[in-house]
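Quick notes on the structure that follows.
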Amino acid sequence: MFSTVQNNIILGLFVGHNTVTLKEVDSTNTYLKQLLSNSKPLPEGTVILAETQLSGRGQTQNAWYSEPHQNLTFSILLNPGFLDIRLQFNLNIAICLALNDVLSTYFGDSAFIKWPNDCYVDDHKIGGILIENIVHGNQIKHAIVGIGLNINQTDFPLELANATSFKKILHTYYDLNTLKSEICRSVEARYLQLKGGKYPELLAAYLSKLYLLDKWEDFRIDGFIQRAKICGINTEGYLLVETIKGIRSFGMKEIEFIKH
């Protein structure tokens, strides 16, 4: 495994200012966690970028498949000690919005956030995030923000038939470094908004982009497929859904989207 270190001298930009590029790594999140435990403190905003990621992960250990050199797979170090641990889902909101902000510049109103952390264009998944918090007491000492975004890959395994990419939709090759810089700027902007306590504004923006909000659709709930409607999220980040039993809240893996 070989790496290069790049310092981006961009006035005021701390996310991505220190970037470590790895030729090959199992997981950028895992690599960043190991750096934190084995070395001197890293500057906030450090980015670990993988040209080839061998064992990328999504939520609940789902695999994230990415062709080498075709997509963006990287992790960002943030230190949100200002954020009450009970409100940690607000960081997820901010990062999802940051990615959606970038996607909206390319795909307009077709860009959505699929709860809890997927990036969608129309009904297809184009990316996702995985945030792993390192907590000391009641404080989030570090947040490792893993980002995977499909850029130039056009062929996906059968089990990822719902996947799409920039090139698959727009039929154009995109420069990965340029898009990475756009995402870093967007993450910084939304993170500073979070740091400023703009929780209501962030939530309103998140809900305005939430996939299937206020639409009656088929979901698998309690083992059965039934019609239900997403109403929003609560302060803990659980999905609020109107069902035949009234409005209920669901965590990850407690409800499944069934899209025909």
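Chain labels A, B, ... are given in the sequence in which chains occur in the structure tokens; within each chain residues are numbered consecutively from 1, and ligands are likewise numbered from 1 in the order shown.
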Residues of segment 92-178 of chain A that have any atom at most 12 Å from an atom of segment 232-235 of chain A: could you tabulate them with the shortest-distance atom pair and the distance in Å to one decimal, using only C-alpha atoms, ordered by chain and increasing number, as CSV?
residue,atom,partner,partner_atom,distance
A:Asn92,CA,A:Thr235,CA,11.8
A:Ile93,CA,A:Ile233,CA,10.6
A:Lys114,CA,A:Gly232,CA,11.6
A:Trp115,CA,A:Ile233,CA,9.0
A:Pro116,CA,A:Ile233,CA,9.5
Worksheet item: Tell me, which residues of segment 3-192 of chain A carry DSSP alpha helix (DSSP H), written as an MDAnalysis selection string?
Response: chainID A and resid 28:38 89:107 166:170 176:192
Output C-alpha atoms of each residue in that selection to a file, as a PDB file, in the first residue's frame.
ATOM      1  CA  THR A  28     -10.829   4.296   4.306  1.00  0.00           C
ATOM      2  CA  ASN A  29     -12.909   4.446   7.505  1.00  0.00           C
ATOM      3  CA  THR A  30     -10.901   1.620   9.060  1.00  0.00           C
ATOM      4  CA  TYR A  31      -7.616   3.174   7.936  1.00  0.00           C
ATOM      5  CA  LEU A  32      -8.554   6.531   9.447  1.00  0.00           C
ATOM      6  CA  LYS A  33      -9.562   4.898  12.744  1.00  0.00           C
ATOM      7  CA  GLN A  34      -6.195   3.153  12.877  1.00  0.00           C
ATOM      8  CA  LEU A  35      -4.400   6.435  12.215  1.00  0.00           C
ATOM      9  CA  LEU A  36      -6.256   8.069  15.082  1.00  0.00           C
ATOM     10  CA  SER A  37      -5.323   5.298  17.503  1.00  0.00           C
ATOM     11  CA  ASN A  38      -1.702   4.852  16.422  1.00  0.00           C
ATOM     12  CA  PHE A  89     -28.205  12.286  13.807  1.00  0.00           C
ATOM     13  CA  ASN A  90     -27.923  15.980  12.972  1.00  0.00           C
ATOM     14  CA  LEU A  91     -24.413  15.277  11.716  1.00  0.00           C
ATOM     15  CA  ASN A  92     -25.896  12.654   9.382  1.00  0.00           C
ATOM     16  CA  ILE A  93     -28.392  15.261   8.205  1.00  0.00           C
ATOM     17  CA  ALA A  94     -25.635  17.779   7.493  1.00  0.00           C
ATOM     18  CA  ILE A  95     -23.469  15.316   5.538  1.00  0.00           C
ATOM     19  CA  CYS A  96     -26.409  13.967   3.521  1.00  0.00           C
ATOM     20  CA  LEU A  97     -27.368  17.525   2.653  1.00  0.00           C
ATOM     21  CA  ALA A  98     -23.807  18.353   1.635  1.00  0.00           C
ATOM     22  CA  LEU A  99     -23.780  15.502  -0.874  1.00  0.00           C
ATOM     23  CA  ASN A 100     -27.264  16.370  -2.067  1.00  0.00           C
ATOM     24  CA  ASP A 101     -26.174  19.975  -2.601  1.00  0.00           C
ATOM     25  CA  VAL A 102     -23.470  18.766  -4.988  1.00  0.00           C
ATOM     26  CA  LEU A 103     -25.733  16.251  -6.715  1.00  0.00           C
ATOM     27  CA  SER A 104     -28.427  18.900  -7.191  1.00  0.00           C
ATOM     28  CA  THR A 105     -26.008  21.020  -9.240  1.00  0.00           C
ATOM     29  CA  TYR A 106     -25.751  18.130 -11.712  1.00  0.00           C
ATOM     30  CA  PHE A 107     -29.162  16.462 -11.459  1.00  0.00           C
ATOM     31  CA  PHE A 166     -22.759  10.283 -13.036  1.00  0.00           C
ATOM     32  CA  LYS A 167     -21.543   8.770 -16.299  1.00  0.00           C
ATOM     33  CA  LYS A 168     -24.428   6.320 -16.595  1.00  0.00           C
ATOM     34  CA  ILE A 169     -26.932   9.166 -16.371  1.00  0.00           C
ATOM     35  CA  LEU A 170     -25.110  12.042 -18.070  1.00  0.00           C
ATOM     36  CA  LEU A 176     -12.633  12.674  -9.559  1.00  0.00           C
ATOM     37  CA  ASN A 177     -10.440  15.315  -7.913  1.00  0.00           C
ATOM     38  CA  THR A 178     -12.704  18.123  -9.063  1.00  0.00           C
ATOM     39  CA  LEU A 179     -15.786  16.392  -7.645  1.00  0.00           C
ATOM     40  CA  LYS A 180     -13.951  15.553  -4.423  1.00  0.00           C
ATOM     41  CA  SER A 181     -13.098  19.224  -3.952  1.00  0.00           C
ATOM     42  CA  GLU A 182     -16.726  20.210  -4.574  1.00  0.00           C
ATOM     43  CA  ILE A 183     -17.889  17.711  -1.950  1.00  0.00           C
ATOM     44  CA  CYS A 184     -15.297  18.890   0.593  1.00  0.00           C
ATOM     45  CA  ARG A 185     -16.427  22.500   0.183  1.00  0.00           C
ATOM     46  CA  SER A 186     -20.053  21.468   0.547  1.00  0.00           C
ATOM     47  CA  VAL A 187     -19.350  19.315   3.625  1.00  0.00           C
ATOM     48  CA  GLU A 188     -17.517  22.207   5.240  1.00  0.00           C
ATOM     49  CA  ALA A 189     -20.389  24.615   4.574  1.00  0.00           C
ATOM     50  CA  ARG A 190     -23.028  22.296   6.040  1.00  0.00           C
ATOM     51  CA  TYR A 191     -20.762  21.322   8.952  1.00  0.00           C
ATOM     52  CA  LEU A 192     -20.256  24.977   9.882  1.00  0.00           C
TER      53      LEU A 192
END
Worksheet entry | Residue among A:Asn117, A:Gln153, A:Gln70, A:Asn133 lying closest to Leu239 of chain A, counting only C-alpha atoms | A:Asn117
Item to complete: Write out as a PyMOL selection string all residues of segment 27-222 of chain A that DSSP puts in strand (DSSP E) for this structure's backbone.
Response: chain A and resi 47-50+56-57+63-64+72-78+111-114+118-121+124-136+139-149+216-221
Worksheet entry | Near-segment 240-249 of chain A list (10 Å; only C-alpha atoms; drop same-chain fewer than 6 positions) as a ChimeraX atom specification | /A:213-214,216,219,221,226-234,255
Writing out the chosen residues with C-alpha atoms as a PDB file, in the first residue's frame:
ATOM      1  CA  LEU A 213     -41.812  11.946   1.700  1.00  0.00           C
ATOM      2  CA  ASP A 214     -45.626  12.208   1.960  1.00  0.00           C
ATOM      3  CA  TRP A 216     -48.111   6.309  -0.122  1.00  0.00           C
ATOM      4  CA  PHE A 219     -42.996  -1.034   2.554  1.00  0.00           C
ATOM      5  CA  ILE A 221     -43.197  -3.696   7.960  1.00  0.00           C
ATOM      6  CA  GLN A 226     -48.211  -2.851   3.246  1.00  0.00           C
ATOM      7  CA  ARG A 227     -48.984   0.673   2.131  1.00  0.00           C
ATOM      8  CA  ALA A 228     -47.482   3.398   4.270  1.00  0.00           C
ATOM      9  CA  LYS A 229     -46.355   7.008   4.047  1.00  0.00           C
ATOM     10  CA  ILE A 230     -43.162   8.640   5.288  1.00  0.00           C
ATOM     11  CA  CYS A 231     -44.023  11.644   7.461  1.00  0.00           C
ATOM     12  CA  GLY A 232     -40.570  12.762   8.614  1.00  0.00           C
ATOM     13  CA  ILE A 233     -37.935  11.899  11.221  1.00  0.00           C
ATOM     14  CA  ASN A 234     -37.732  12.427  14.972  1.00  0.00           C
ATOM     15  CA  ILE A 255     -38.556  -1.111   7.654  1.00  0.00           C
TER      16      ILE A 255
END
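Of note, atom CA of Gly128 of chain A and atom CA of Ala204 of chain A are spaced 20.2 Å apart.
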Discussion item. When you count only C-alpha atoms, which of these residues is closest to Asp109 of chain A: A:Tyr211, A:Phe250, A:Tyr199, A:Phe82?
Written reply: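 Of all the options, A:Tyr211 lies closest to Asp109 of chain A.
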Fill in: Distance query Leu77 of chain A at most 9 Å, only C-alpha atoms, self and fewer than 3 positions along chain excluded, as a VMD selection string
chain A and resid 15 32 42 to 48 142 to 145
Worksheet item: Between A:Ala163, A:Leu158, A:Leu72, A:Leu203, which one has atoms that come closest to Asp118 of chain A, using only C-alpha atoms?
Response: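 Result for the nearest residue to Asp118 of chain A: A:Ala163.
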Discussion item. Please determine, counting only C-alpha atoms, which residue among A:Thr164, A:Gln88, A:Asn152, A:Thr21 has the shortest atom-to-atom distance to His69 of chain A.
Written reply: A:Asn152
